[in-house]
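Student: Contents of input-v6.cif (mmCIF, C-alpha atoms) are below:
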```cif
data_upload
#
loop_
_atom_site.label_atom_id
_atom_site.label_comp_id
_atom_site.auth_asym_id
_atom_site.auth_seq_id
_atom_site.Cartn_x
_atom_site.Cartn_y
_atom_site.Cartn_z
CA GLU A 119 -122.37 -12.94 -5.05
CA ALA A 120 -120.02 -12.48 -7.99
CA GLY A 121 -116.34 -13.02 -7.37
CA VAL A 122 -113.40 -11.05 -8.69
CA THR A 123 -113.53 -10.90 -12.47
CA GLN A 124 -110.73 -10.15 -14.90
CA PHE A 125 -110.70 -9.32 -18.58
CA PRO A 126 -109.39 -10.53 -20.92
CA SER A 127 -108.66 -14.08 -19.86
CA HIS A 128 -105.85 -14.30 -22.37
CA SER A 129 -103.98 -11.71 -24.42
CA VAL A 130 -101.31 -12.25 -27.06
CA ILE A 131 -99.45 -9.16 -28.25
CA GLU A 132 -96.19 -8.32 -29.94
CA LYS A 133 -93.25 -6.68 -28.24
CA GLY A 134 -93.68 -2.92 -28.21
CA GLN A 135 -97.47 -2.97 -28.24
CA THR A 136 -99.73 -1.78 -25.45
CA VAL A 137 -102.07 -3.96 -23.41
CA THR A 138 -104.65 -3.01 -20.80
CA LEU A 139 -105.89 -5.51 -18.26
CA ARG A 140 -109.07 -4.95 -16.30
CA CYS A 141 -110.13 -6.13 -12.86
CA ASP A 142 -113.56 -5.85 -11.25
CA PRO A 143 -113.34 -6.53 -7.50
CA ILE A 144 -116.05 -7.94 -5.30
CA SER A 145 -118.63 -5.26 -4.61
CA GLY A 146 -117.85 -3.36 -1.41
CA HIS A 147 -114.19 -4.36 -1.29
CA ASP A 148 -112.10 -1.23 -0.86
CA ASN A 149 -108.80 -3.08 -1.14
CA LEU A 150 -107.64 -4.15 -4.59
CA TYR A 151 -104.35 -5.84 -5.37
CA TRP A 152 -102.43 -6.78 -8.48
CA TYR A 153 -100.05 -9.74 -8.52
CA ARG A 154 -98.09 -11.40 -11.30
CA ARG A 155 -96.73 -14.88 -11.87
CA VAL A 156 -93.94 -15.23 -14.38
CA MET A 157 -93.40 -18.79 -15.66
CA GLY A 158 -91.50 -20.93 -13.22
CA LYS A 159 -91.56 -18.29 -10.50
CA GLU A 160 -93.73 -17.52 -7.51
CA ILE A 161 -96.69 -15.13 -7.54
CA LYS A 162 -95.35 -11.66 -6.79
CA PHE A 163 -97.09 -8.56 -5.47
CA LEU A 164 -97.32 -5.55 -7.77
CA LEU A 165 -99.46 -2.99 -5.97
CA HIS A 166 -102.30 -2.30 -3.57
CA PHE A 167 -105.15 0.19 -3.88
CA VAL A 168 -107.32 1.39 -1.04
CA LYS A 169 -110.32 2.79 -2.85
CA GLU A 170 -108.79 4.98 -5.56
CA SER A 171 -105.47 5.62 -3.77
CA LYS A 172 -102.28 3.65 -4.25
CA GLN A 173 -101.37 2.35 -0.81
CA ASP A 174 -98.31 0.37 -1.83
CA GLU A 175 -96.76 0.18 -5.29
CA SER A 176 -93.43 -1.26 -4.21
CA GLY A 177 -93.78 -4.27 -6.49
CA MET A 178 -94.26 -2.42 -9.77
CA PRO A 179 -91.31 -3.49 -11.93
CA ASN A 180 -90.77 -0.25 -13.89
CA ASN A 181 -92.49 2.78 -15.37
CA ARG A 182 -93.88 0.79 -18.30
CA PHE A 183 -96.59 -0.38 -15.93
CA LEU A 184 -99.42 1.98 -15.01
CA ALA A 185 -102.25 1.03 -12.68
CA GLU A 186 -105.38 3.08 -12.14
CA ARG A 187 -108.54 2.75 -10.13
CA THR A 188 -110.73 5.68 -10.99
CA GLY A 189 -113.74 6.05 -8.69
CA GLY A 190 -112.52 3.28 -6.45
CA THR A 191 -114.33 0.54 -8.36
CA TYR A 192 -112.67 -1.39 -11.17
CA SER A 193 -108.97 -1.16 -11.88
CA THR A 194 -106.86 -1.26 -15.02
CA LEU A 195 -103.23 -2.24 -15.44
CA LYS A 196 -101.60 -0.95 -18.60
CA VAL A 197 -98.29 -2.18 -19.95
CA GLN A 198 -96.73 0.17 -22.49
CA PRO A 199 -94.61 -0.79 -24.33
CA ALA A 200 -94.73 -4.49 -23.58
CA GLU A 201 -91.50 -6.49 -23.41
CA LEU A 202 -90.94 -10.24 -23.66
CA GLU A 203 -90.27 -10.55 -19.92
CA ASP A 204 -93.75 -9.16 -19.16
CA SER A 205 -95.29 -12.49 -20.20
CA GLY A 206 -97.04 -14.24 -17.34
CA VAL A 207 -100.32 -14.49 -15.50
CA TYR A 208 -101.63 -11.30 -13.89
CA PHE A 209 -103.91 -11.82 -10.93
CA CYS A 210 -106.17 -9.33 -9.28
CA ALA A 211 -107.45 -9.77 -5.74
CA SER A 212 -109.73 -7.81 -3.46
CA SER A 213 -110.47 -7.73 0.25
CA GLN A 214 -112.86 -6.00 2.61
CA PRO A 215 -112.05 -2.68 4.27
CA GLY A 216 -109.89 -2.62 7.38
CA GLN A 217 -107.21 -4.92 8.73
CA GLY A 218 -108.17 -8.13 10.52
CA THR A 219 -107.73 -11.28 8.51
CA GLY A 220 -107.95 -9.31 5.29
CA GLU A 221 -108.69 -12.44 3.26
CA GLN A 222 -107.82 -11.70 -0.32
CA PHE A 223 -110.11 -13.17 -2.96
CA PHE A 224 -108.40 -13.79 -6.26
CA GLY A 225 -109.68 -13.56 -9.78
CA PRO A 226 -108.93 -16.20 -12.42
CA GLY A 227 -106.08 -14.17 -13.88
CA THR A 228 -105.17 -12.77 -17.28
CA ARG A 229 -102.59 -14.77 -19.18
CA LEU A 230 -100.38 -12.33 -21.10
CA THR A 231 -98.10 -13.56 -23.85
CA VAL A 232 -95.68 -11.10 -25.44
CA LEU A 233 -94.14 -12.33 -28.69
CA GLN B 1486 -82.37 -15.83 -1.20
CA LYS B 1487 -86.15 -15.94 -1.53
CA GLU B 1488 -88.22 -14.79 1.43
CA VAL B 1489 -90.37 -17.93 1.19
CA GLU B 1490 -89.11 -21.31 0.07
CA GLN B 1491 -91.46 -24.05 -1.09
CA ASP B 1492 -90.61 -27.27 -2.90
CA PRO B 1493 -92.44 -27.11 -6.25
CA GLY B 1494 -92.72 -30.90 -6.47
CA PRO B 1495 -94.48 -32.46 -8.24
CA LEU B 1496 -95.82 -34.65 -5.47
CA SER B 1497 -97.87 -37.74 -6.30
CA VAL B 1498 -99.56 -39.90 -3.64
CA PRO B 1499 -102.27 -42.60 -3.60
CA GLU B 1500 -105.81 -41.79 -2.57
CA GLY B 1501 -106.30 -41.95 1.18
CA ALA B 1502 -102.70 -41.04 2.03
CA ILE B 1503 -101.71 -38.27 4.41
CA VAL B 1504 -100.09 -35.39 2.55
CA SER B 1505 -97.58 -33.04 4.14
CA LEU B 1506 -96.72 -29.74 2.47
CA ASN B 1507 -94.19 -27.30 3.88
CA CYS B 1508 -92.69 -23.85 3.54
CA THR B 1509 -89.82 -22.08 5.22
CA TYR B 1510 -89.38 -18.35 5.43
CA SER B 1511 -86.73 -15.86 6.43
CA ASN B 1512 -88.64 -12.71 7.42
CA SER B 1513 -89.37 -12.73 11.15
CA ALA B 1514 -91.91 -9.91 10.66
CA PHE B 1515 -94.41 -12.31 9.06
CA GLN B 1516 -97.42 -12.78 11.35
CA TYR B 1517 -100.18 -14.06 9.08
CA PHE B 1518 -99.80 -17.40 7.34
CA MET B 1519 -102.04 -18.78 4.65
CA TRP B 1520 -102.43 -21.77 2.41
CA TYR B 1521 -104.07 -21.27 -0.96
CA ARG B 1522 -105.24 -23.97 -3.35
CA GLN B 1523 -105.15 -23.33 -7.08
CA TYR B 1524 -106.77 -25.49 -9.70
CA SER B 1525 -105.60 -25.31 -13.30
CA ARG B 1526 -106.60 -22.06 -15.06
CA LYS B 1527 -108.21 -20.72 -11.87
CA GLY B 1528 -107.15 -18.14 -9.31
CA PRO B 1529 -105.78 -19.08 -5.87
CA GLU B 1530 -108.47 -19.89 -3.31
CA LEU B 1531 -107.86 -19.45 0.42
CA LEU B 1532 -107.81 -22.81 2.19
CA MET B 1533 -106.39 -22.15 5.64
CA TYR B 1534 -105.41 -19.07 7.60
CA THR B 1535 -103.34 -18.88 10.79
CA TYR B 1536 -102.24 -15.93 12.85
CA SER B 1537 -98.88 -16.30 14.62
CA SER B 1538 -97.80 -19.73 15.89
CA GLY B 1539 -99.99 -22.74 16.53
CA ASN B 1540 -102.25 -25.25 14.86
CA LYS B 1541 -105.55 -24.88 13.08
CA GLU B 1542 -107.79 -27.67 11.90
CA ASP B 1543 -110.61 -27.59 9.37
CA GLY B 1544 -112.04 -30.92 8.37
CA ARG B 1545 -109.33 -32.97 6.69
CA PHE B 1546 -106.90 -30.04 6.67
CA THR B 1547 -104.51 -28.99 9.45
CA ALA B 1548 -102.20 -25.99 9.29
CA GLN B 1549 -99.23 -25.62 11.62
CA VAL B 1550 -97.00 -22.61 12.17
CA ASP B 1551 -93.70 -22.74 14.07
CA LYS B 1552 -92.40 -19.19 14.18
CA SER B 1553 -89.30 -20.16 16.16
CA SER B 1554 -88.20 -22.36 13.26
CA LYS B 1555 -89.79 -20.15 10.57
CA TYR B 1556 -91.57 -23.22 9.23
CA ILE B 1557 -95.20 -23.78 8.25
CA SER B 1558 -96.98 -26.97 7.25
CA LEU B 1559 -100.25 -28.12 5.76
CA PHE B 1560 -101.47 -31.65 6.34
CA ILE B 1561 -104.22 -33.26 4.31
CA ARG B 1562 -105.77 -36.41 5.77
CA ASP B 1563 -107.64 -39.03 3.76
CA SER B 1564 -106.57 -37.35 0.53
CA GLN B 1565 -109.02 -37.43 -2.38
CA PRO B 1566 -108.47 -37.11 -6.15
CA SER B 1567 -110.34 -33.78 -5.93
CA ASP B 1568 -107.48 -32.50 -3.74
CA SER B 1569 -105.21 -32.60 -6.80
CA ALA B 1570 -104.11 -29.00 -7.31
CA THR B 1571 -101.24 -26.62 -6.71
CA TYR B 1572 -100.89 -25.59 -3.06
CA LEU B 1573 -99.37 -22.21 -2.35
CA CYS B 1574 -98.16 -20.96 0.99
CA ALA B 1575 -98.42 -17.21 1.51
CA MET B 1576 -97.62 -14.89 4.36
CA ARG B 1577 -97.51 -11.25 5.34
CA GLY B 1578 -96.49 -8.90 8.08
CA GLY B 1579 -98.27 -5.69 8.94
CA ALA B 1580 -98.64 -4.65 5.33
CA GLN B 1581 -101.35 -6.23 3.23
CA LYS B 1582 -99.14 -7.55 0.45
CA LEU B 1583 -98.79 -11.32 0.37
CA VAL B 1584 -95.47 -13.07 -0.18
CA PHE B 1585 -95.95 -16.42 -1.86
CA GLY B 1586 -93.98 -19.62 -2.10
CA GLN B 1587 -93.54 -21.14 -5.52
CA GLY B 1588 -96.37 -23.63 -4.98
CA THR B 1589 -96.34 -27.43 -4.81
CA ARG B 1590 -98.15 -29.37 -7.51
CA LEU B 1591 -100.00 -32.26 -5.88
CA THR B 1592 -101.63 -35.24 -7.59
CA ILE B 1593 -103.78 -37.74 -5.71
CA ASN B 1594 -104.01 -41.00 -7.64
CA PRO B 1595 -107.26 -43.04 -7.39
#
```
What's the structure tokens form of this structure?
Tutor:
Amino acid sequence: EAGVTQFPSHSVIEKGQTVTLRCDPISGHDNLYWYRRVMGKEIKFLLHFVKESKQDESGMPNNRFLAERTGGTYSTLKVQPAELEDSGVYFCASSQPGQGTGEQFFGPGTRLTVL
Amino acid sequence: QKEVEQDPGPLSVPEGAIVSLNCTYSNSAFQYFMWYRQYSRKGPELLMYTYSSGNKEDGRFTAQVDKSSKYISLFIRDSQPSDSATYLCAMRGGAQKLVFGQGTRLTINP
């Protein structure tokens, strides 16, 4: 079974440009999460989808970040316009429907560098 | 103050040693406690999961949660060079979002 995949693995852009990150969750996982790790800091929650609906977006830093999950399958996270402080590793995770342990399976991350 | 505190290390020990990793937290609403292992350029991988207080053992790994002290630990027995990685504690309350510690970078020397 394929795990969580993310594309691209690495992106280098200039300040002011737009970048779109993609996440494909494990098949059948209704829950999809975005997290971010800025250098030297802990991994921080950004938002949580249940199918195509945003369940919790309390971690989104500002309105330059837009997350979508059309059709409840893959998700995209767009940063527009990118700023220097957006540099970091963006992780996507998915988990099965329902509560319980809700083990979250993480993808390898997208390393974003804003110059 | 951060919700979860974890010493980032680095921590270096000889092969075969017992490793102790710890986190403290401030939010008494946390009920689910996890340890993730992350190898370089990879995503975090769930290692241990504990609900509420108590101990859980899985092979060479033991996780302990003391909710009264807001303190969680991970012990690795008979450590191996392949255990070299960053270990992240994570926890959550009723919501699904995980709150992570900063991670401890561990090296096991042959």
Student: For chain A, work out the contacting residues on chain B at 8 Å, counting all atoms listed in the file, and write them as an mmCIF file with C-alpha atoms, keeping the file's coordinate frame.
Tutor:
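Dumped everything to selection02.cif:
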```cif
data_model
loop_
_atom_site.group_PDB
_atom_site.id
_atom_site.type_symbol
_atom_site.label_atom_id
_atom_site.label_comp_id
_atom_site.auth_asym_id
_atom_site.auth_seq_id
_atom_site.Cartn_x
_atom_site.Cartn_y
_atom_site.Cartn_z
ATOM 1 C CA ARG B 1526 -106.600 -22.060 -15.060
ATOM 2 C CA LYS B 1527 -108.210 -20.720 -11.870
ATOM 3 C CA GLY B 1528 -107.150 -18.140 -9.310
ATOM 4 C CA PRO B 1529 -105.780 -19.080 -5.870
ATOM 5 C CA GLU B 1530 -108.470 -19.890 -3.310
ATOM 6 C CA LEU B 1531 -107.860 -19.450 0.420
ATOM 7 C CA GLN B 1581 -101.350 -6.230 3.230
ATOM 8 C CA LYS B 1582 -99.140 -7.550 0.450
ATOM 9 C CA LEU B 1583 -98.790 -11.320 0.370
ATOM 10 C CA VAL B 1584 -95.470 -13.070 -0.180
ATOM 11 C CA PHE B 1585 -95.950 -16.420 -1.860
ATOM 12 C CA GLY B 1586 -93.980 -19.620 -2.100
ATOM 13 C CA GLN B 1587 -93.540 -21.140 -5.520
ATOM 14 C CA GLY B 1588 -96.370 -23.630 -4.980
#
```
Student: Just need the box for region 225-230 of chain A, edges along x, y and z, holding every atom the file lists for it with 4 Å tacked onto each side, so centre and edge lengths in Å to one decimal, as JSON.
Tutor:
```
{"center_x": -105.0, "center_y": -14.3, "center_z": -15.4, "size_x": 17.3, "size_y": 11.9, "size_z": 19.3}
```
Student: If I take CA of Met178 (chain A) and CA of Val156 (chain A), how far is one from the other in Å, to one decimal?
Tutor: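 Computing the Euclidean distance for CA of Met178 (chain A) and CA of Val156 (chain A) yields 13.6 Å.
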Student: Any chance you could work out the residue set of the PyMOL selection byres ((chain A and resi 140-145) around 7) here, as a list in words?
Tutor: Ala120, Gly121, Val122, Thr123, Gln124, Phe125, Thr138, Leu139, Gly146, His147, Leu150, Tyr192, Ser193, Thr194, Leu195, Cys210, Ala211 and Ser212 of chain A
Student: Quick check, in Å to one decimal: how far apart do CA of Val232 (chain A) and CA of Arg1522 (chain B) lie?
Tutor: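 Interatomic distance, CA of Val232 (chain A) to CA of Arg1522 (chain B): 27.3 Å.
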Student: For Asp1551 (chain B), list every protein, DNA or RNA residue within 8 Å, evaluated using only C-alpha atoms, and leave out those in the same chain fewer than 5 positions away; present the list as a tab-separated table (two decimals) with C-alpha atoms, keeping the file's coordinate frame.
Tutor:
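In the end it all went to around26.tsv:
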```tsv
chain	number	residue	atom	x	y	z
B	1538	SER	CA	-97.80	-19.73	15.89
B	1539	GLY	CA	-99.99	-22.74	16.53
B	1556	TYR	CA	-91.57	-23.22	9.23
B	1557	ILE	CA	-95.20	-23.78	8.25
```
Student: Residues proximal to (-88.6, -27.1, -7.3) were defined as those with any atom within 9 Å of that point in the file's coordinates, counting all atoms listed in the file. Which are they, as a ChimeraX atom specification?
Tutor: /B:1491-1495,1587-1589
Student: Okay, now the selection with C-alpha atoms, as a short mmCIF file (atom, residue, chain, number, x, y, z; two decimals), keeping the file's coordinate frame?
Tutor:
```cif
data_model
loop_
_atom_site.label_atom_id
_atom_site.label_comp_id
_atom_site.auth_asym_id
_atom_site.auth_seq_id
_atom_site.Cartn_x
_atom_site.Cartn_y
_atom_site.Cartn_z
CA GLN B 1491 -91.46 -24.05 -1.09
CA ASP B 1492 -90.61 -27.27 -2.90
CA PRO B 1493 -92.44 -27.11 -6.25
CA GLY B 1494 -92.72 -30.90 -6.47
CA PRO B 1495 -94.48 -32.46 -8.24
CA GLN B 1587 -93.54 -21.14 -5.52
CA GLY B 1588 -96.37 -23.63 -4.98
CA THR B 1589 -96.34 -27.43 -4.81
#
```
Student: For CA of Asp1563 (chain B) and CA of Ala1502 (chain B), quote the distance in Å rounded to one decimal.
Tutor: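 Between these atoms lies a distance of 5.6 Å.
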Student: Tell me which of B:Val1504, B:Val1498, B:Gln1516, B:Pro1566 sits closest to Arg1545 (chain B), counting all atoms listed in the file.
Tutor: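 Of the candidates, the smallest distance to Arg1545 (chain B) is held by B:Val1504.
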Student: Evaluate the PyMOL selection byres ((chain B and resi 1486) around 12) against this structure - the residues, as a list in words, please.
Tutor: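 On this input, the PyMOL selection byres ((chain B and resi 1486) around 12) captures Lys1487, Glu1488, Val1489, Glu1490, Thr1509, Tyr1510, Ser1511 and Asn1512 of chain B.
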Student: What's around Gly1544 (chain B) at 12 Å? Count only C-alpha atoms, leave out sequence neighbours fewer than 4 positions away in its own chain, and write the answer as a list in words.
Tutor: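 Everything that qualifies: Leu1532, Met1533, Ala1548, Phe1560, Ile1561, Arg1562, Asp1563 and Ser1564 of chain B.
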Student: Given the file shown, determine the residues that the PyMOL selection byres ((chain A and resi 131) around 9) selects; report them as JSON, numbers by chain.
Tutor: {"A": [129, 130, 132, 133, 134, 135, 136, 137, 200, 230, 231, 232, 233]}
Student: May I have the selected residues written with C-alpha atoms, as a PDB file, keeping the file's coordinate frame?
Tutor:
```pdb
ATOM      1  CA  SER A 129    -103.980 -11.710 -24.420  1.00  0.00           C
ATOM      2  CA  VAL A 130    -101.310 -12.250 -27.060  1.00  0.00           C
ATOM      3  CA  GLU A 132     -96.190  -8.320 -29.940  1.00  0.00           C
ATOM      4  CA  LYS A 133     -93.250  -6.680 -28.240  1.00  0.00           C
ATOM      5  CA  GLY A 134     -93.680  -2.920 -28.210  1.00  0.00           C
ATOM      6  CA  GLN A 135     -97.470  -2.970 -28.240  1.00  0.00           C
ATOM      7  CA  THR A 136     -99.730  -1.780 -25.450  1.00  0.00           C
ATOM      8  CA  VAL A 137    -102.070  -3.960 -23.410  1.00  0.00           C
ATOM      9  CA  ALA A 200     -94.730  -4.490 -23.580  1.00  0.00           C
ATOM     10  CA  LEU A 230    -100.380 -12.330 -21.100  1.00  0.00           C
ATOM     11  CA  THR A 231     -98.100 -13.560 -23.850  1.00  0.00           C
ATOM     12  CA  VAL A 232     -95.680 -11.100 -25.440  1.00  0.00           C
ATOM     13  CA  LEU A 233     -94.140 -12.330 -28.690  1.00  0.00           C
TER      14      LEU A 233
END
```
